[in-house]
>>> print(open('query-v7.cif').read())   # mmCIF, C-alpha atoms
data_target
#
loop_
_atom_site.label_atom_id
_atom_site.label_comp_id
_atom_site.auth_asym_id
_atom_site.auth_seq_id
_atom_site.Cartn_x
_atom_site.Cartn_y
_atom_site.Cartn_z
CA GLY I 6 1.14 -29.96 29.71
CA ALA I 7 -1.61 -28.77 32.02
CA SER I 8 -0.99 -25.18 30.94
CA ARG I 9 -1.83 -26.01 27.32
CA PRO I 10 -5.40 -27.27 27.19
CA ALA I 11 -5.55 -26.83 23.43
CA ALA I 12 -2.64 -29.20 22.98
CA GLN I 13 -4.34 -31.76 25.18
CA ARG I 14 -7.20 -31.88 22.77
CA GLY I 15 -4.80 -33.02 20.13
CA SER I 16 -4.44 -32.26 16.45
CA GLY I 17 -7.42 -32.34 14.08
CA ARG I 18 -10.14 -34.58 15.41
CA ALA I 19 -7.93 -36.61 17.73
CA GLY I 20 -10.49 -36.43 20.49
CA ARG I 21 -10.73 -34.23 23.54
CA ASP I 22 -10.23 -37.07 26.01
CA LEU I 23 -7.27 -39.02 24.67
CA VAL I 24 -7.60 -41.92 27.12
CA ALA I 25 -11.28 -42.41 26.28
CA ALA I 26 -10.55 -41.97 22.59
CA VAL I 27 -7.83 -44.64 22.61
CA GLY I 28 -9.99 -47.00 24.68
CA VAL I 29 -12.98 -46.64 22.37
CA GLY I 30 -10.74 -46.96 19.34
CA LEU I 31 -9.23 -50.21 20.62
CA GLY I 32 -12.68 -51.53 21.46
CA LEU I 33 -14.01 -50.77 17.97
CA GLY I 34 -10.89 -52.28 16.46
CA GLY I 35 -11.41 -55.45 18.48
CA VAL I 36 -15.00 -55.82 17.28
CA ILE I 37 -13.97 -55.27 13.66
CA LEU I 38 -11.05 -57.70 13.88
CA ALA I 39 -13.14 -60.38 15.57
CA SER I 40 -15.92 -60.11 12.98
CA LEU I 41 -13.44 -60.27 10.10
CA LEU I 42 -11.29 -63.11 11.40
CA VAL I 43 -13.94 -65.34 12.98
CA TYR I 44 -16.75 -65.18 10.43
CA ARG I 45 -16.49 -62.88 7.43
CA PRO I 46 -20.24 -62.19 6.99
CA ALA I 47 -20.34 -61.04 10.63
CA PHE I 48 -18.53 -57.90 9.51
CA LEU I 49 -21.50 -57.22 7.25
CA LEU I 50 -23.70 -57.03 10.34
CA VAL I 51 -21.18 -54.80 12.15
CA ILE I 52 -20.92 -52.33 9.27
CA THR I 53 -24.69 -52.33 8.72
CA ALA I 54 -25.30 -51.41 12.36
CA ALA I 55 -22.62 -48.70 12.29
CA ILE I 56 -23.89 -47.17 9.05
CA LEU I 57 -27.52 -47.18 10.18
CA LEU I 58 -26.43 -45.28 13.30
CA GLY I 59 -24.43 -42.93 11.08
CA VAL I 60 -27.44 -42.27 8.84
CA VAL I 61 -29.65 -41.43 11.82
CA GLU I 62 -26.91 -39.26 13.29
CA LEU I 63 -26.37 -37.29 10.07
CA VAL I 64 -30.11 -36.80 9.53
CA ARG I 65 -30.42 -35.44 13.09
CA ALA I 66 -27.40 -33.18 12.57
CA LEU I 67 -28.82 -31.77 9.33
CA GLU I 68 -31.92 -30.79 11.27
CA ALA I 69 -29.73 -28.20 12.98
CA GLY I 70 -29.49 -26.53 9.58
CA GLY I 71 -33.25 -26.70 9.04
CA ALA I 72 -33.26 -29.67 6.62
CA GLN I 73 -35.65 -32.57 7.32
CA ALA I 74 -34.16 -35.45 5.34
CA PRO I 75 -36.64 -38.38 5.05
CA LEU I 76 -35.28 -40.99 7.48
CA ALA I 77 -37.45 -44.04 6.70
CA PRO I 78 -36.40 -44.51 3.03
CA LEU I 79 -32.78 -43.87 4.00
CA VAL I 80 -32.84 -46.63 6.64
CA VAL I 81 -34.51 -49.14 4.30
CA GLY I 82 -32.26 -48.04 1.44
CA THR I 83 -29.11 -48.55 3.51
CA VAL I 84 -30.05 -52.16 4.22
CA ALA I 85 -30.89 -52.68 0.52
CA VAL I 86 -27.58 -51.16 -0.60
CA PHE I 87 -25.59 -53.53 1.59
CA ALA I 88 -27.70 -56.59 0.80
CA LEU I 89 -27.45 -56.08 -2.96
CA ALA I 90 -23.76 -55.13 -2.84
CA TRP I 91 -23.08 -58.39 -0.96
CA THR I 92 -25.20 -60.58 -3.24
CA ARG I 93 -24.98 -58.80 -6.62
CA GLY I 94 -21.73 -56.85 -6.50
CA PRO I 95 -21.19 -53.37 -8.00
CA ASP I 96 -24.36 -53.54 -10.14
CA GLY I 97 -26.44 -54.29 -7.05
CA LEU I 98 -24.83 -51.40 -5.19
CA VAL I 99 -25.66 -48.91 -7.95
CA VAL I 100 -29.23 -50.13 -8.43
CA ALA I 101 -30.00 -50.08 -4.70
CA PHE I 102 -28.54 -46.56 -4.38
CA LEU I 103 -30.64 -45.26 -7.28
CA PHE I 104 -33.81 -46.79 -5.82
CA THR I 105 -32.94 -45.20 -2.47
CA VAL I 106 -32.65 -41.78 -4.10
CA VAL I 107 -35.98 -42.21 -5.89
CA ALA I 108 -37.60 -43.37 -2.63
CA VAL I 109 -36.28 -40.28 -0.82
CA LEU I 110 -37.65 -37.96 -3.51
CA LEU I 111 -41.07 -39.66 -3.54
CA TRP I 112 -41.34 -39.99 0.27
CA ARG I 113 -40.75 -36.28 0.77
CA LEU I 114 -43.64 -35.45 -1.60
CA GLY I 115 -46.04 -36.40 1.18
CA ASP I 116 -45.02 -33.36 3.23
CA GLY I 117 -45.91 -30.85 0.53
CA PRO I 118 -43.94 -28.33 -1.53
CA GLU I 119 -42.59 -26.11 1.25
CA GLY I 120 -38.89 -26.84 1.71
CA TYR I 121 -39.07 -29.80 -0.71
CA LEU I 122 -35.82 -29.03 -2.55
CA ARG I 123 -33.92 -28.46 0.70
CA ASP I 124 -35.18 -31.64 2.40
CA ALA I 125 -34.93 -33.88 -0.67
CA SER I 126 -31.41 -32.62 -1.40
CA ALA I 127 -30.40 -33.34 2.20
CA GLY I 128 -31.78 -36.88 1.85
CA VAL I 129 -29.86 -37.48 -1.39
CA LEU I 130 -26.70 -36.14 0.28
CA VAL I 131 -27.10 -38.61 3.15
CA ALA I 132 -27.67 -41.52 0.72
CA LEU I 133 -24.61 -40.59 -1.30
CA TYR I 134 -22.33 -39.77 1.61
CA VAL I 135 -23.07 -42.69 3.92
CA PRO I 136 -24.59 -45.93 2.50
CA LEU I 137 -23.26 -45.57 -1.06
CA LEU I 138 -19.65 -44.96 0.00
CA ALA I 139 -19.89 -47.58 2.76
CA GLY I 140 -21.18 -50.03 0.15
CA PHE I 141 -17.68 -50.15 -1.31
CA ALA I 142 -16.46 -51.64 1.98
CA VAL I 143 -19.03 -54.40 1.43
CA LEU I 144 -17.64 -54.92 -2.10
CA LEU I 145 -14.16 -55.24 -0.59
CA LEU I 146 -15.51 -57.98 1.68
CA VAL I 147 -17.07 -60.11 -1.08
CA PRO I 148 -14.01 -62.03 -2.45
CA GLU I 149 -12.56 -65.01 -0.58
CA ASP I 150 -9.72 -62.81 0.66
CA GLY I 151 -12.21 -60.05 1.46
CA ALA I 152 -11.36 -59.97 5.17
CA LEU I 153 -7.77 -59.00 4.33
CA ARG I 154 -8.96 -56.38 1.82
CA VAL I 155 -11.15 -54.75 4.45
CA LEU I 156 -8.34 -55.02 6.98
CA VAL I 157 -5.78 -53.22 4.79
CA PHE I 158 -8.32 -50.48 4.06
CA ILE I 159 -9.23 -49.87 7.72
CA ALA I 160 -5.67 -50.29 9.05
CA THR I 161 -4.37 -47.78 6.50
CA VAL I 162 -6.98 -45.20 7.50
CA VAL I 163 -6.08 -45.76 11.17
CA GLY I 164 -2.45 -45.23 10.14
CA ASN I 165 -3.52 -41.91 8.63
CA ASP I 166 -4.98 -40.79 11.97
CA VAL I 167 -2.04 -41.97 14.06
CA GLY I 168 0.65 -40.68 11.69
CA GLY I 169 -1.08 -37.35 11.19
CA TYR I 170 -1.68 -36.85 14.90
CA THR I 171 1.88 -37.74 15.87
CA ALA I 172 3.60 -35.64 13.20
CA GLY I 173 1.18 -32.77 13.78
CA VAL I 174 1.83 -32.66 17.53
CA LEU I 175 5.60 -32.99 17.14
CA TRP I 176 6.29 -30.81 14.11
CA GLY I 177 3.05 -29.12 13.04
CA ARG I 178 3.72 -25.50 12.11
CA HIS I 179 1.85 -24.77 8.88
CA PRO I 180 -1.97 -25.04 9.00
CA MET I 181 -3.54 -26.92 6.11
CA ALA I 182 -7.06 -25.44 6.24
CA PRO I 183 -7.22 -23.02 9.19
CA SER I 184 -10.79 -21.90 8.51
CA VAL I 185 -12.06 -25.51 8.50
CA SER I 186 -9.82 -27.50 10.85
CA PRO I 187 -7.25 -25.24 12.59
CA LYS I 188 -5.29 -28.12 14.13
CA LYS I 189 -4.48 -29.85 10.82
CA SER I 190 -1.03 -29.10 9.47
CA TRP I 191 0.96 -29.92 6.34
CA GLU I 192 3.56 -31.58 8.56
CA GLY I 193 0.79 -33.82 9.89
CA MET I 194 -0.17 -34.66 6.31
CA VAL I 195 3.39 -35.81 5.59
CA GLY I 196 3.17 -38.04 8.67
CA SER I 197 -0.17 -39.38 7.44
CA VAL I 198 1.23 -40.32 4.03
CA ALA I 199 4.31 -41.98 5.54
CA ALA I 200 2.24 -44.00 8.02
CA CYS I 201 -0.34 -45.04 5.39
CA VAL I 202 2.35 -46.24 2.99
CA ALA I 203 4.11 -48.11 5.83
CA VAL I 204 0.86 -49.90 6.75
CA ALA I 205 -0.53 -50.59 3.28
CA THR I 206 2.58 -51.78 1.43
CA PRO I 207 3.46 -54.94 3.43
CA ILE I 208 -0.18 -56.08 3.53
CA VAL I 209 -0.65 -55.57 -0.22
CA VAL I 210 2.62 -57.33 -1.05
CA LEU I 211 2.56 -60.18 1.48
CA GLY I 212 -1.17 -60.68 1.93
CA LEU I 213 -2.67 -59.87 -1.46
CA ASP I 214 0.31 -60.70 -3.74
CA GLY I 215 0.26 -57.20 -5.17
CA PRO I 216 3.25 -55.13 -6.36
CA TRP I 217 5.14 -52.93 -3.91
CA TRP I 218 4.19 -49.83 -5.86
CA GLY I 219 0.54 -50.84 -5.48
CA GLY I 220 0.90 -50.64 -1.71
CA VAL I 221 2.63 -47.26 -1.95
CA LEU I 222 -0.09 -45.97 -4.27
CA LEU I 223 -2.86 -47.27 -2.01
CA GLY I 224 -1.26 -45.76 1.09
CA ALA I 225 -0.72 -42.35 -0.49
CA ALA I 226 -4.22 -42.29 -1.99
CA LEU I 227 -5.94 -43.24 1.26
CA ALA I 228 -3.97 -40.59 3.15
CA VAL I 229 -5.47 -38.03 0.76
CA THR I 230 -9.04 -39.40 0.85
CA ALA I 231 -9.05 -39.89 4.62
CA THR I 232 -7.85 -36.32 5.18
CA ALA I 233 -10.30 -34.97 2.61
CA GLY I 234 -13.14 -36.89 4.27
CA ASP I 235 -12.16 -35.51 7.66
CA LEU I 236 -12.05 -31.94 6.33
CA GLY I 237 -15.33 -32.41 4.47
CA GLU I 238 -17.14 -33.46 7.62
CA SER I 239 -15.55 -30.57 9.54
CA LEU I 240 -16.91 -28.24 6.86
CA ILE I 241 -20.43 -29.66 7.29
CA LYS I 242 -20.24 -29.32 11.08
CA ARG I 243 -19.04 -25.73 10.86
CA ASP I 244 -21.83 -24.91 8.43
CA LEU I 245 -24.38 -26.46 10.80
CA GLY I 246 -22.81 -24.80 13.84
CA ILE I 247 -22.23 -28.06 15.73
CA LYS I 248 -19.09 -29.42 17.41
CA ASP I 249 -19.66 -33.15 16.92
CA MET I 250 -22.10 -35.21 14.90
CA GLY I 251 -23.14 -37.03 18.09
CA THR I 252 -22.09 -38.16 21.55
CA LEU I 253 -22.18 -41.94 21.19
CA LEU I 254 -18.41 -42.55 21.37
CA PRO I 255 -16.52 -40.98 24.32
CA GLY I 256 -13.47 -39.07 23.12
CA HIS I 257 -14.58 -39.31 19.50
CA GLY I 258 -18.00 -37.65 19.28
CA GLY I 259 -20.48 -39.55 17.17
CA ILE I 260 -20.28 -42.49 14.78
CA MET I 261 -19.96 -40.09 11.85
CA ASP I 262 -16.92 -38.51 13.51
CA ARG I 263 -15.24 -41.91 13.07
CA LEU I 264 -16.69 -42.73 9.66
CA ASP I 265 -15.77 -39.42 7.99
CA SER I 266 -12.32 -40.56 6.83
CA LEU I 267 -13.36 -44.17 6.19
CA LEU I 268 -16.26 -43.50 3.80
CA PRO I 269 -14.44 -41.91 0.82
CA SER I 270 -11.44 -44.17 1.47
CA ALA I 271 -13.59 -47.29 1.01
CA ALA I 272 -14.44 -46.35 -2.56
CA VAL I 273 -10.84 -45.53 -3.47
CA ALA I 274 -9.53 -48.68 -1.75
CA TYR I 275 -11.97 -50.84 -3.72
CA LEU I 276 -11.05 -49.26 -7.06
CA LEU I 277 -7.28 -49.38 -6.47
CA LEU I 278 -7.19 -52.91 -5.04
CA SER I 279 -9.31 -54.14 -7.95
CA TRP I 280 -6.49 -52.88 -10.17
CA VAL I 281 -3.24 -53.61 -8.29
CA ALA I 282 -4.36 -56.82 -6.54
CA PRO I 283 -7.46 -58.17 -8.31
CA PRO I 284 -9.30 -61.07 -6.60
CA ALA I 285 -8.37 -64.51 -7.88
#
>>> encode(input="query-v7.cif", output="structure tokens")
Amino acid sequence: GASRPAAQRGSGRAGRDLVAAVGVGLGLGGVILASLLVYRPAFLLVITAAILLGVVELVRALEAGGAQAPLAPLVVGTVAVFALAWTRGPDGLVVAFLFTVVAVLLWRLGDGPEGYLRDASAGVLVALYVPLLAGFAVLLLVPEDGALRVLVFIATVVGNDVGGYTAGVLWGRHPMAPSVSPKKSWEGMVGSVAACVAVATPIVVLGLDGPWWGGVLLGAALAVTATAGDLGESLIKRDLGIKDMGTLLPGHGGIMDRLDSLLPSAAVAYLLLSWVAPPA
């Protein structure tokens, strides 16, 4: 109600302006769906653009903590990570990531020894957190049924947000990590797991010919990784003393405020789907 402004802001990171948040979410979902269903490689361009924005956003946010992560090698490295993941698979992803890390370390040498460890470490963190983890979404896309693999991964993470928000608002009583994200509750986590399992299982079984328990396992695992990713980003923001990573998306904050739960989930989705529903 109007007398409860905190409740209006929702649970966790459910956005301060719910109407704007839902509108932006539907718009992003439409772009992702269109790119996946119309022309699979188009999704590669969508994710590359989003991750490049996320890299810039995170580098700018880290500056609030005094760290100057080298941006140029991170931008070039992100493109290389995606290109090699798409054309050379997991080996390409690893090699491109390692070259990105080396490029960050060497690039920062040009600015001298003062603050080198801090800045270089921040650059390696960005490379690990954003392009490397996002590279697993590219690996999901590679097989012929890659569009469906990406779809089940993203839809399940969206289910985590919706299920967690709904259960948290209706029944949330016990905070999960009050010092990091006061609005998150254990009741919301139960809703997240239930929603993720409900989304993942039919797609894994009907779309990818996987076993029912594979869908349950994927749903439960992504509920955990999505929540952990959300809490991890909240921890970084609290440490930096910032509210949002950016202002690009009304009702959501920045790109990184949307990617936080997707990034670790991409890696786990790739590993689990490779096991329970391997590509033909």
>>> closest_residue(input="query-v7.cif", among="I:Ala127, I:Leu156, I:Ala203, I:Val147", to="Ala69 (chain I)", atoms="only C-alpha atoms")
I:Ala127
>>> resolve_selection(input="query-v7.cif", expression="the PyMOL selection byres ((chain I and resi 206) around 10)", output="PyMOL selection string")
chain I and resi 157+161+201-205+207-212+215-224
>>> closest_atom_pairs(input="query-v7.cif", of="region 82-168 of chain I", to="region 235-245 of chain I", cutoff="12 Å", atoms="only C-alpha atoms", output="CSV")
residue,atom,partner,partner_atom,distance
I:Ala127,CA,I:Ile241,CA,11.8
I:Leu130,CA,I:Ile241,CA,11.4
I:Val131,CA,I:Ile241,CA,11.9
I:Tyr134,CA,I:Glu238,CA,10.1
I:Val135,CA,I:Glu238,CA,11.6
I:Val162,CA,I:Asp235,CA,11.0
I:Asn165,CA,I:Asp235,CA,10.8
I:Asp166,CA,I:Asp235,CA,9.9
>>> resolve_selection(input="query-v7.cif", expression="the PyMOL selection byres ((chain I and resi 93-104) around 10)", output="PDB file with C-alpha atoms, in the frame of the given file")
ATOM      1  CA  PRO I  78     -36.400 -44.510   3.030  1.00  0.00           C
ATOM      2  CA  LEU I  79     -32.780 -43.870   4.000  1.00  0.00           C
ATOM      3  CA  GLY I  82     -32.260 -48.040   1.440  1.00  0.00           C
ATOM      4  CA  THR I  83     -29.110 -48.550   3.510  1.00  0.00           C
ATOM      5  CA  VAL I  84     -30.050 -52.160   4.220  1.00  0.00           C
ATOM      6  CA  ALA I  85     -30.890 -52.680   0.520  1.00  0.00           C
ATOM      7  CA  VAL I  86     -27.580 -51.160  -0.600  1.00  0.00           C
ATOM      8  CA  PHE I  87     -25.590 -53.530   1.590  1.00  0.00           C
ATOM      9  CA  ALA I  88     -27.700 -56.590   0.800  1.00  0.00           C
ATOM     10  CA  LEU I  89     -27.450 -56.080  -2.960  1.00  0.00           C
ATOM     11  CA  ALA I  90     -23.760 -55.130  -2.840  1.00  0.00           C
ATOM     12  CA  TRP I  91     -23.080 -58.390  -0.960  1.00  0.00           C
ATOM     13  CA  THR I  92     -25.200 -60.580  -3.240  1.00  0.00           C
ATOM     14  CA  THR I 105     -32.940 -45.200  -2.470  1.00  0.00           C
ATOM     15  CA  VAL I 106     -32.650 -41.780  -4.100  1.00  0.00           C
ATOM     16  CA  VAL I 107     -35.980 -42.210  -5.890  1.00  0.00           C
ATOM     17  CA  ALA I 108     -37.600 -43.370  -2.630  1.00  0.00           C
ATOM     18  CA  VAL I 109     -36.280 -40.280  -0.820  1.00  0.00           C
ATOM     19  CA  LEU I 110     -37.650 -37.960  -3.510  1.00  0.00           C
ATOM     20  CA  VAL I 129     -29.860 -37.480  -1.390  1.00  0.00           C
ATOM     21  CA  ALA I 132     -27.670 -41.520   0.720  1.00  0.00           C
ATOM     22  CA  LEU I 133     -24.610 -40.590  -1.300  1.00  0.00           C
ATOM     23  CA  PRO I 136     -24.590 -45.930   2.500  1.00  0.00           C
ATOM     24  CA  LEU I 137     -23.260 -45.570  -1.060  1.00  0.00           C
ATOM     25  CA  LEU I 138     -19.650 -44.960   0.000  1.00  0.00           C
ATOM     26  CA  GLY I 140     -21.180 -50.030   0.150  1.00  0.00           C
ATOM     27  CA  PHE I 141     -17.680 -50.150  -1.310  1.00  0.00           C
ATOM     28  CA  VAL I 143     -19.030 -54.400   1.430  1.00  0.00           C
ATOM     29  CA  LEU I 144     -17.640 -54.920  -2.100  1.00  0.00           C
ATOM     30  CA  LEU I 145     -14.160 -55.240  -0.590  1.00  0.00           C
ATOM     31  CA  VAL I 147     -17.070 -60.110  -1.080  1.00  0.00           C
TER      32      VAL I 147
END
>>> resolve_selection(input="query-v7.cif", expression="the PyMOL selection byres ((chain I and resi 179-194) around 8)", output="list in words")
Gly15, Ser16, Gly17, Gly168, Gly169, Tyr170, Thr171, Ala172, Gly173, Val174, Trp176, Gly177, Arg178, Val195, Gly196, Ser197, Val198, Ala228, Thr232, Leu236, Ser239, Leu240 and Arg243 of chain I
>>> atom_distance(input="query-v7.cif", atom1="CA of Ile52 (chain I)", atom2="CA of Leu31 (chain I)")
16.4 Å
>>> atom_distance(input="query-v7.cif", atom1="CA of Arg154 (chain I)", atom2="CA of Pro284 (chain I)")
9.6 Å
>>> atom_distance(input="query-v7.cif", atom1="CA of Ile159 (chain I)", atom2="CA of Leu267 (chain I)")
7.2 Å
>>> residues_near_point(input="query-v7.cif", point="(-28.9, -48.3, 13.5)", cutoff="12 Å", atoms="all atoms listed in the file", output="PyMOL selection string")
chain I and resi 50-63+76-77+79-81+83-84+260
>>> closest_residue(input="query-v7.cif", among="I:Leu175, I:Ser279, I:Ala285, I:Phe158", to="Ser266 (chain I)", atoms="all atoms listed in the file")
I:Phe158
